[in-house]
Each structure stands twice: as structure tokens, then as C-alpha cells.
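Student: So I've got this file, coords22.csv, and it contains CSV, C-alpha atoms:
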```csv
chain,number,residue,atom,x,y,z
A,1,MET,CA,96.5,63.6,27.5
A,2,PRO,CA,97.1,62.9,23.8
A,3,TYR,CA,93.6,64.0,22.9
A,4,HIS,CA,93.6,67.3,24.7
A,5,SER,CA,97.0,68.6,23.8
A,6,THR,CA,96.4,71.9,22.0
A,7,PRO,CA,94.9,75.0,23.7
A,8,LEU,CA,91.9,74.7,21.4
A,9,ASP,CA,91.4,71.0,22.4
A,10,LEU,CA,91.5,72.0,26.0
A,11,ALA,CA,89.1,74.9,25.6
A,12,PHE,CA,86.5,72.9,23.8
A,13,HIS,CA,86.9,70.1,26.4
A,14,ALA,CA,86.4,72.7,29.2
A,15,LEU,CA,83.2,73.9,27.4
A,16,SER,CA,81.8,70.4,27.2
A,17,ASP,CA,80.5,70.6,30.8
A,18,PRO,CA,77.4,72.5,31.8
A,19,THR,CA,78.8,73.7,35.1
A,20,ARG,CA,81.9,75.1,33.4
A,21,ARG,CA,79.7,76.8,30.7
A,22,ALA,CA,77.6,78.3,33.4
A,23,VAL,CA,80.8,79.7,35.0
A,24,VAL,CA,81.8,81.2,31.7
A,25,SER,CA,78.3,82.8,31.3
A,26,ARG,CA,78.6,84.2,34.8
A,27,LEU,CA,82.0,85.6,34.2
A,28,ALA,CA,80.9,87.2,30.9
A,29,GLU,CA,79.0,89.6,33.2
A,30,GLY,CA,82.2,90.6,35.0
A,31,GLU,CA,84.7,89.3,37.5
A,32,VAL,CA,83.6,87.9,40.9
A,33,PRO,CA,85.1,86.2,43.9
A,34,VAL,CA,85.1,82.4,43.9
A,35,SER,CA,82.6,82.4,46.8
A,36,VAL,CA,80.1,84.4,44.8
A,37,LEU,CA,80.7,82.4,41.7
A,38,ALA,CA,80.1,79.1,43.6
A,39,ALA,CA,77.0,80.2,45.5
A,40,PRO,CA,74.3,79.2,42.8
A,41,PHE,CA,75.8,75.8,42.3
A,42,ASP,CA,74.5,72.8,44.2
A,43,MET,CA,78.0,71.3,44.5
A,44,ALA,CA,80.7,70.7,47.1
A,45,LEU,CA,83.3,73.5,46.9
A,46,PRO,CA,86.2,71.1,46.1
A,47,SER,CA,84.3,69.8,43.0
A,48,PHE,CA,83.5,73.3,42.0
A,49,VAL,CA,87.1,74.4,42.4
A,50,GLN,CA,88.1,71.4,40.2
A,51,HIS,CA,85.9,72.8,37.4
A,52,LEU,CA,87.5,76.2,37.9
A,53,ARG,CA,90.9,74.6,37.6
A,54,VAL,CA,90.0,73.0,34.2
A,55,LEU,CA,88.9,76.4,33.0
A,56,GLU,CA,92.0,78.1,34.2
A,57,ASP,CA,94.4,75.4,32.9
A,58,CYS,CA,93.1,75.9,29.4
A,59,GLY,CA,93.3,79.7,29.7
A,60,LEU,CA,89.6,80.4,29.5
A,61,ILE,CA,89.6,82.1,32.9
A,62,ILE,CA,92.1,83.7,35.2
A,63,SER,CA,92.0,83.7,38.9
A,64,GLU,CA,93.8,86.1,41.2
A,65,LYS,CA,94.2,86.4,45.0
A,66,ARG,CA,93.1,89.7,46.4
A,67,GLY,CA,93.3,90.0,50.1
A,68,ARG,CA,91.4,87.0,51.5
A,69,SER,CA,89.4,86.3,48.3
A,70,ARG,CA,90.3,84.7,45.0
A,71,TRP,CA,88.7,86.5,42.1
A,72,CYS,CA,87.9,85.0,38.7
A,73,ARG,CA,87.6,86.6,35.3
A,74,LEU,CA,87.0,85.5,31.8
A,75,GLU,CA,90.1,85.5,29.6
A,76,ARG,CA,88.7,86.7,26.3
A,77,GLY,CA,91.7,85.8,24.1
A,78,ARG,CA,91.3,82.0,24.5
A,79,PHE,CA,87.5,82.3,24.3
A,80,ASP,CA,87.8,84.3,21.1
A,81,GLU,CA,90.2,81.7,19.6
A,82,ALA,CA,87.6,79.0,20.0
A,83,VAL,CA,84.7,81.1,18.7
A,84,ASN,CA,86.8,82.3,15.8
A,85,TRP,CA,87.6,78.8,14.8
A,86,MET,CA,83.8,77.9,14.8
A,87,GLU,CA,82.9,81.1,13.0
A,88,ALA,CA,85.5,80.5,10.3
A,89,GLU,CA,84.1,76.9,9.7
A,90,ARG,CA,80.5,78.2,9.6
A,91,ARG,CA,81.5,80.8,7.1
A,92,ARG,CA,83.2,78.2,4.9
A,93,ALA,CA,80.2,76.0,5.0
A,94,ALA,CA,77.9,78.9,4.1
A,95,GLU,CA,80.2,79.9,1.2
A,96,GLN,CA,80.2,76.3,0.0
A,97,LEU,CA,76.4,76.3,-0.1
A,98,ASP,CA,76.4,79.6,-2.0
A,99,ARG,CA,78.8,78.1,-4.6
A,100,LEU,CA,76.6,75.1,-4.9
A,101,GLU,CA,73.5,77.3,-5.5
A,102,VAL,CA,75.4,79.3,-8.2
A,103,TYR,CA,76.4,76.1,-9.8
A,104,LEU,CA,72.9,74.7,-9.8
A,105,ASP,CA,71.4,77.9,-11.1
A,106,LYS,CA,73.9,78.0,-14.0
A,107,ARG,CA,73.1,74.3,-14.8
A,108,GLU,CA,69.4,75.1,-14.8
A,109,GLU,CA,69.9,78.1,-17.1
A,110,SER,CA,72.1,76.0,-19.4
A,111,ASP,CA,69.4,73.2,-19.4
A,112,ASP,CA,66.7,75.8,-20.2
A,113,GLY,CA,68.6,76.8,-23.3
A,114,LYS,CA,68.9,73.3,-24.6
A,115,THR,CA,66.8,72.2,-27.7
A,116,PHE,CA,65.3,68.8,-27.0
B,117,MET,CA,78.0,59.9,30.8
B,118,PRO,CA,76.8,62.5,33.4
B,119,TYR,CA,79.1,65.2,32.1
B,120,HIS,CA,78.2,64.8,28.4
B,121,SER,CA,74.4,64.6,28.6
B,122,THR,CA,73.1,67.6,26.7
B,123,PRO,CA,73.6,68.0,22.9
B,124,LEU,CA,75.7,71.1,23.6
B,125,ASP,CA,78.0,69.1,26.0
B,126,LEU,CA,78.4,66.4,23.4
B,127,ALA,CA,79.1,68.9,20.6
B,128,PHE,CA,81.8,70.7,22.5
B,129,HIS,CA,83.3,67.3,23.6
B,130,ALA,CA,83.3,66.2,19.9
B,131,LEU,CA,85.2,69.5,19.0
B,132,SER,CA,87.8,68.9,21.7
B,133,ASP,CA,89.7,66.5,19.4
B,134,PRO,CA,92.0,67.8,16.5
B,135,THR,CA,91.0,64.9,14.2
B,136,ARG,CA,87.3,65.6,14.7
B,137,ARG,CA,87.8,69.3,14.1
B,138,ALA,CA,89.7,68.5,10.9
B,139,VAL,CA,86.7,66.4,9.8
B,140,VAL,CA,84.4,69.3,10.5
B,141,SER,CA,86.7,71.6,8.5
B,142,ARG,CA,86.7,69.2,5.6
B,143,LEU,CA,83.0,68.7,5.6
B,144,ALA,CA,82.5,72.5,5.7
B,145,GLU,CA,83.7,72.3,2.1
B,146,GLY,CA,80.9,69.9,1.2
B,147,GLU,CA,79.9,66.3,1.6
B,148,VAL,CA,82.3,63.4,0.8
B,149,PRO,CA,82.5,59.6,1.0
B,150,VAL,CA,84.1,58.2,4.2
B,151,SER,CA,87.0,56.8,2.1
B,152,VAL,CA,87.9,60.3,0.8
B,153,LEU,CA,87.4,61.9,4.2
B,154,ALA,CA,89.7,59.3,5.8
B,155,ALA,CA,92.5,59.5,3.2
B,156,PRO,CA,94.5,62.4,4.6
B,157,PHE,CA,94.6,61.0,8.2
B,158,ASP,CA,97.4,58.8,9.3
B,159,MET,CA,95.1,56.6,11.3
B,160,ALA,CA,93.6,53.0,11.2
B,161,LEU,CA,90.1,53.1,9.6
B,162,PRO,CA,88.4,51.7,12.7
B,163,SER,CA,89.9,54.6,14.9
B,164,PHE,CA,88.8,57.1,12.2
B,165,VAL,CA,85.3,55.6,12.1
B,166,GLN,CA,85.1,55.9,15.9
B,167,HIS,CA,85.8,59.7,15.5
B,168,LEU,CA,83.0,59.9,12.9
B,169,ARG,CA,80.7,58.1,15.3
B,170,VAL,CA,81.4,60.7,18.1
B,171,LEU,CA,80.6,63.5,15.6
B,172,GLU,CA,77.4,61.7,14.4
B,173,ASP,CA,76.2,60.8,17.9
B,174,CYS,CA,76.2,64.4,18.9
B,175,GLY,CA,74.5,65.5,15.7
B,176,LEU,CA,77.4,67.5,14.2
B,177,ILE,CA,77.6,65.3,11.1
B,178,ILE,CA,75.2,63.0,9.3
B,179,SER,CA,76.3,59.9,7.3
B,180,GLU,CA,74.2,58.2,4.6
B,181,LYS,CA,74.8,55.0,2.6
B,182,ARG,CA,74.7,55.6,-1.1
B,183,GLY,CA,75.3,52.5,-3.2
B,184,ARG,CA,78.6,51.0,-1.9
B,185,SER,CA,79.8,54.2,-0.2
B,186,ARG,CA,78.9,56.0,3.0
B,187,TRP,CA,78.8,59.8,2.6
B,188,CYS,CA,79.2,62.3,5.4
B,189,ARG,CA,78.0,65.9,5.6
B,190,LEU,CA,78.1,68.6,8.2
B,191,GLU,CA,74.8,69.1,10.1
B,192,ARG,CA,74.7,72.9,10.4
B,193,GLY,CA,72.0,73.1,13.0
B,194,ARG,CA,74.0,71.5,15.8
B,195,PHE,CA,77.1,73.4,14.8
B,196,ASP,CA,75.2,76.7,14.8
B,197,GLU,CA,73.8,75.9,18.2
B,198,ALA,CA,77.3,75.6,19.6
B,199,VAL,CA,78.7,78.7,17.8
B,200,ASN,CA,75.6,80.7,18.8
B,201,TRP,CA,76.1,79.9,22.5
B,202,MET,CA,79.7,81.1,22.2
B,203,GLU,CA,78.8,84.3,20.3
B,204,ALA,CA,76.1,85.2,22.8
B,205,GLU,CA,78.6,84.9,25.7
B,206,ARG,CA,81.2,86.9,23.8
B,207,ARG,CA,78.6,89.6,23.1
B,208,ARG,CA,77.7,89.7,26.8
B,209,ALA,CA,81.3,90.0,27.8
B,210,ALA,CA,81.8,92.8,25.3
B,211,GLU,CA,78.7,94.6,26.6
B,212,GLN,CA,79.9,94.3,30.1
B,213,LEU,CA,83.2,95.9,29.2
B,214,ASP,CA,81.3,98.7,27.4
B,215,ARG,CA,79.2,99.3,30.6
B,216,LEU,CA,82.3,99.3,32.7
B,217,GLU,CA,83.9,102.0,30.4
B,218,VAL,CA,80.8,104.2,30.5
B,219,TYR,CA,80.8,103.9,34.3
B,220,LEU,CA,84.5,104.8,34.6
B,221,ASP,CA,84.1,107.7,32.2
B,222,LYS,CA,81.2,109.0,34.2
B,223,ARG,CA,83.1,108.6,37.5
B,224,GLU,CA,86.0,110.5,35.9
B,225,GLU,CA,83.8,113.3,34.8
B,226,SER,CA,82.2,113.5,38.2
B,227,ASP,CA,85.7,113.5,39.9
B,228,ASP,CA,86.7,116.3,37.5
B,229,GLY,CA,83.8,118.4,38.7
B,230,LYS,CA,84.7,118.0,42.3
B,231,THR,CA,86.1,120.9,44.4
B,232,PHE,CA,89.0,119.6,46.6
```
Represent the structure of the file as C-alpha cells.
Tutor:
Amino acid sequence: MPYHSTPLDLAFHALSDPTRRAVVSRLAEGEVPVSVLAAPFDMALPSFVQHLRVLEDCGLIISEKRGRSRWCRLERGRFDEAVNWMEAERRRAAEQLDRLEVYLDKREESDDGKTF
Amino acid sequence: MPYHSTPLDLAFHALSDPTRRAVVSRLAEGEVPVSVLAAPFDMALPSFVQHLRVLEDCGLIISEKRGRSRWCRLERGRFDEAVNWMEAERRRAAEQLDRLEVYLDKREESDDGKTF
């Protein structure tokens, strides 16, 4: 998969699906068994498990067998990595706008001082 | 595309590619013509333009013809929508952990008070 090779590629790919985002939302509230996680989704279990696999393969969730149930939980490290990337870009875009405003203000001041 | 139907689906899909993330990073520093944007990428222009199209179709960037050049800029609204979703989930996960800690602390206190 040349286009989904880094952990960040895979994490964003995983989040591009509404079912998988809903799973992340549910797991943000705490860990649950797969059966509980799957219950609200109108989907065959194998399809649902496939979504879990995509989330687990990219490290966004971790699943663990406990007795007869498999429990899932959010893996915050990978999730943080993705949100940190986005926040950093948003900050850079905001800083760029600030610089642009300062520049425009200065130009306006310098124009005001001009004798025509 | 049943799996990429909402703006958020499309935005995360767009961000799942390293070239497209690099374009977002570059545009976070300000708008540039396509020729300048494409220069650092070791990629045929049609392939690069295809990446820009994915970013533009999901509303993460906007391009505009000015004279003989096409300029691109980041569309912060769509980007914010994606980062806001992630931040909200991260906050919920953190609050859940806080609640769990409070619960465990209380249980510990109550256990301490017990007479065995």
C-alpha cells in the first residue's frame, strides 16, 4: 500500500470512515467488549470486525482477549500523534495570518505618513 | 464512494497521503501558485494536480486562476472541522480517564476505612 505506508497515513485513512470514527468516539468513553461496541451498528459482525482490524492495524485501538470476550480500548498515543499534526498545522496557518496582518498594518501606517 | 461520503470522511481521506499532507503544510505558510507548490515534489505534474484535486474536492484547499497562474490556499474551515472533531474526542477520552481516577481514589479511600 504505497499510499498508506506511515502510521500517520494509516491513522488518517482509518478515520476517513464514519463507522470507524463512531468506534473511536465510543472508545473515548472507556473500554468495552466487542459485542457491546458492535451492538449499535446495523452491520454484519464480520464487516464490523474488519473495521476494528483497520483501527487496530494502524494503532488507534488495542484489543485484548479476557475470558470469553475481546475488549477494545483507544490507544491515545497514535490518536494524539494525528491530532498533534493537525494542531501544529493550524497553529502555523494562524501565525501566518497574524504575520500578514502585522505586515498590512505596517504598510498602512507607512502609507499614512506619506506626503502625496 | 459509500465510504467517503461526508465532508469529514473526505477530509480525513485526503490527509491520509503524505504528499497531500505536505501540500497542507506548505499552504499553512500562505498561498502559492501551483508551480511553486509542485516544485519540491519529485512527481509528474498530472499526478501532483490529482492530489490537489482530492484536497480541493473535500474543501481543504481552494484554487483560483489569477492571470496565467493558478494559486492555492488552505481553506481553514474544513481543516478546523477535522481538527475540532479530533480534539473533542481527545478531550472526552481525557475526561473519562479523570473520572476513572476519581472513582479509583474514592474506592481506595472507602477500602481504607473498612474494618477487616
Student: Using every C-alpha atom paired in order, could you least-squares fit chain B onto chain A and give me the moved chain as a short mmCIF file (atom, residue, chain, number, x, y, z; two decimals) with C-alpha atoms, in the coordinates of the input?
Tutor:
```cif
data_model
loop_
_atom_site.label_atom_id
_atom_site.label_comp_id
_atom_site.auth_asym_id
_atom_site.auth_seq_id
_atom_site.Cartn_x
_atom_site.Cartn_y
_atom_site.Cartn_z
CA MET B 117 96.38 63.57 27.53
CA PRO B 118 96.98 62.91 23.77
CA TYR B 119 93.52 64.04 22.78
CA HIS B 120 93.55 67.32 24.75
CA SER B 121 97.00 68.67 23.86
CA THR B 122 96.40 71.92 22.01
CA PRO B 123 94.85 75.00 23.73
CA LEU B 124 91.89 74.71 21.35
CA ASP B 125 91.32 71.01 22.37
CA LEU B 126 91.46 71.97 26.01
CA ALA B 127 89.10 74.94 25.54
CA PHE B 128 86.46 72.92 23.77
CA HIS B 129 86.85 70.10 26.40
CA ALA B 130 86.39 72.74 29.18
CA LEU B 131 83.12 73.94 27.39
CA SER B 132 81.78 70.40 27.18
CA ASP B 133 80.55 70.59 30.80
CA PRO B 134 77.28 72.52 31.77
CA THR B 135 78.79 73.74 35.08
CA ARG B 136 81.85 75.14 33.31
CA ARG B 137 79.72 76.82 30.69
CA ALA B 138 77.59 78.37 33.44
CA VAL B 139 80.82 79.74 34.98
CA VAL B 140 81.79 81.22 31.65
CA SER B 141 78.31 82.78 31.34
CA ARG B 142 78.60 84.27 34.79
CA LEU B 143 82.04 85.62 34.27
CA ALA B 144 80.90 87.19 30.96
CA GLU B 145 79.04 89.59 33.24
CA GLY B 146 82.27 90.59 34.97
CA GLU B 147 84.75 89.32 37.49
CA VAL B 148 83.67 87.88 40.89
CA PRO B 149 85.14 86.19 43.98
CA VAL B 150 85.13 82.35 43.92
CA SER B 151 82.67 82.34 46.87
CA VAL B 152 80.09 84.37 44.86
CA LEU B 153 80.70 82.37 41.70
CA ALA B 154 80.18 79.11 43.61
CA ALA B 155 77.01 80.16 45.47
CA PRO B 156 74.39 79.26 42.87
CA PHE B 157 75.79 75.72 42.23
CA ASP B 158 74.55 72.81 44.20
CA MET B 159 77.97 71.28 44.42
CA ALA B 160 80.77 70.63 47.07
CA LEU B 161 83.38 73.45 46.91
CA PRO B 162 86.23 71.07 46.07
CA SER B 163 84.25 69.73 42.94
CA PHE B 164 83.49 73.36 41.97
CA VAL B 165 87.15 74.34 42.37
CA GLN B 166 88.14 71.40 40.15
CA HIS B 167 85.84 72.87 37.40
CA LEU B 168 87.55 76.27 37.84
CA ARG B 169 90.91 74.56 37.53
CA VAL B 170 89.91 72.94 34.15
CA LEU B 171 88.81 76.40 32.90
CA GLU B 172 92.06 78.05 34.18
CA ASP B 173 94.35 75.32 32.86
CA CYS B 174 93.09 75.85 29.38
CA GLY B 175 93.32 79.62 29.66
CA LEU B 176 89.57 80.41 29.50
CA ILE B 177 89.55 82.05 32.93
CA ILE B 178 92.16 83.67 35.13
CA SER B 179 92.00 83.69 38.98
CA GLU B 180 93.87 86.16 41.22
CA LYS B 181 94.19 86.35 45.02
CA ARG B 182 93.11 89.67 46.37
CA GLY B 183 93.36 89.99 50.14
CA ARG B 184 91.43 86.97 51.55
CA SER B 185 89.47 86.27 48.36
CA ARG B 186 90.30 84.68 45.03
CA TRP B 187 88.69 86.49 42.07
CA CYS B 188 87.99 84.96 38.69
CA ARG B 189 87.58 86.66 35.32
CA LEU B 190 87.00 85.49 31.80
CA GLU B 191 90.15 85.49 29.59
CA ARG B 192 88.72 86.72 26.28
CA GLY B 193 91.64 85.77 24.12
CA ARG B 194 91.26 82.02 24.53
CA PHE B 195 87.51 82.27 24.25
CA ASP B 196 87.78 84.31 21.05
CA GLU B 197 90.19 81.78 19.64
CA ALA B 198 87.61 79.05 20.06
CA VAL B 199 84.64 81.13 18.77
CA ASN B 200 86.75 82.35 15.83
CA TRP B 201 87.57 78.78 14.74
CA MET B 202 83.85 77.98 14.81
CA GLU B 203 82.82 81.14 12.91
CA ALA B 204 85.43 80.54 10.22
CA GLU B 205 84.09 76.99 9.63
CA ARG B 206 80.51 78.22 9.60
CA ARG B 207 81.47 80.91 7.07
CA ARG B 208 83.14 78.27 4.89
CA ALA B 209 80.12 76.05 5.04
CA ALA B 210 77.89 78.97 4.12
CA GLU B 211 80.16 79.87 1.20
CA GLN B 212 80.11 76.36 -0.02
CA LEU B 213 76.34 76.33 -0.05
CA ASP B 214 76.37 79.67 -1.93
CA ARG B 215 78.75 78.13 -4.58
CA LEU B 216 76.57 75.10 -4.86
CA GLU B 217 73.46 77.35 -5.52
CA VAL B 218 75.27 79.40 -8.17
CA TYR B 219 76.35 76.15 -9.84
CA LEU B 220 72.81 74.69 -9.80
CA ASP B 221 71.35 77.94 -11.08
CA LYS B 222 73.83 77.99 -13.90
CA ARG B 223 73.16 74.32 -14.75
CA GLU B 224 69.44 75.15 -14.78
CA GLU B 225 69.91 78.03 -17.09
CA SER B 226 72.07 75.97 -19.38
CA ASP B 227 69.44 73.10 -19.35
CA ASP B 228 66.79 75.73 -20.20
CA GLY B 229 68.74 76.74 -23.27
CA LYS B 230 69.02 73.24 -24.53
CA THR B 231 67.11 72.02 -27.63
CA PHE B 232 65.67 68.50 -26.94
#
```
Student: So what do you get for CA of Leu131 (chain B) versus CA of Phe12 (chain A), distance-wise?
Tutor: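 Computing the Euclidean distance for CA of Leu131 (chain B) and CA of Phe12 (chain A) yields 6.0 Å.
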Student: Near Ser185 (chain B), counting all atoms listed in the file, which residues have an atom at most 12 Å away, once you skip same-chain residues fewer than 2 positions from it, shown as a ChimeraX atom specification?
Tutor: /B:148-153,179-183,187-188
Student: Within 12 Å of Arg192 (chain B), counting only C-alpha atoms, which residues qualify if same-chain residues fewer than 2 places away don't, as a ChimeraX atom specification?
Tutor: /A:86-87,89-94,97 /B:127,140,143-144,146,175-178,189-190,194-200
Student: Point out the residue among B:Arg186, B:Trp201, B:Asp173, B:Met159 with the least atom-to-atom distance to chain A, counting all atoms listed in the file.
Tutor: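 Closest to chain A, using all atoms listed in the file: B:Trp201.
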Student: Using CA of Pro162 (chain B) and CA of Thr122 (chain B) as the two end points, give the distance in Å to one decimal.
Tutor: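 Taking CA of Pro162 (chain B) as the start and CA of Thr122 (chain B) as the end point, the length is 26.1 Å.
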Student: As an exercise, work out the distance from CA of Asp112 (chain A) to CA of Glu147 (chain B) in Å and give it to one decimal place.
Tutor: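 Separation between CA of Asp112 (chain A) and CA of Glu147 (chain B): 27.2 Å.
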Student: As a list in words, please: the residues near region 19-22 of chain A (cut-off 8 Å, all atoms listed in the file, same-chain neighbours under 5 positions excluded).
Tutor: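 Near region 19-22 of chain A, the qualifying residues are Ala14, His51, Leu52 and Leu55 of chain A.
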Student: Which residues come within 10 Å of Ser121 (chain B), counting all atoms listed in the file, excluding same-chain residues fewer than 4 positions away, as a PyMOL selection string?
Tutor: (chain A and resi 16-18) or (chain B and resi 117+125-126+174)
Student: Which is closer to chain B than all the others in A:Phe41, A:Phe48, A:Glu75, A:Arg107, using all atoms listed in the file?
Tutor: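 So, comparing all the options, the nearest one is A:Glu75.
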Student: When you count only C-alpha atoms, which of these residues is closest to chain B: A:Ala38, A:Arg26, A:Gln96, A:Glu56?
Tutor: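 Residue with the minimum atom-to-atom distance to chain B: A:Gln96.
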Student: Ranking A:Val23, A:Glu29, A:Leu45, A:Tyr103 by minimum distance to chain B and counting all atoms listed in the file, which one comes first?
Tutor: A:Glu29
Student: Go through B:Val165, B:Ala160, B:Val170, B:Ala204 and flag the residue nearest chain A, using all atoms listed in the file for the distances.
Tutor: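 Answer, going by the shortest atom-to-atom distance: B:Ala204.
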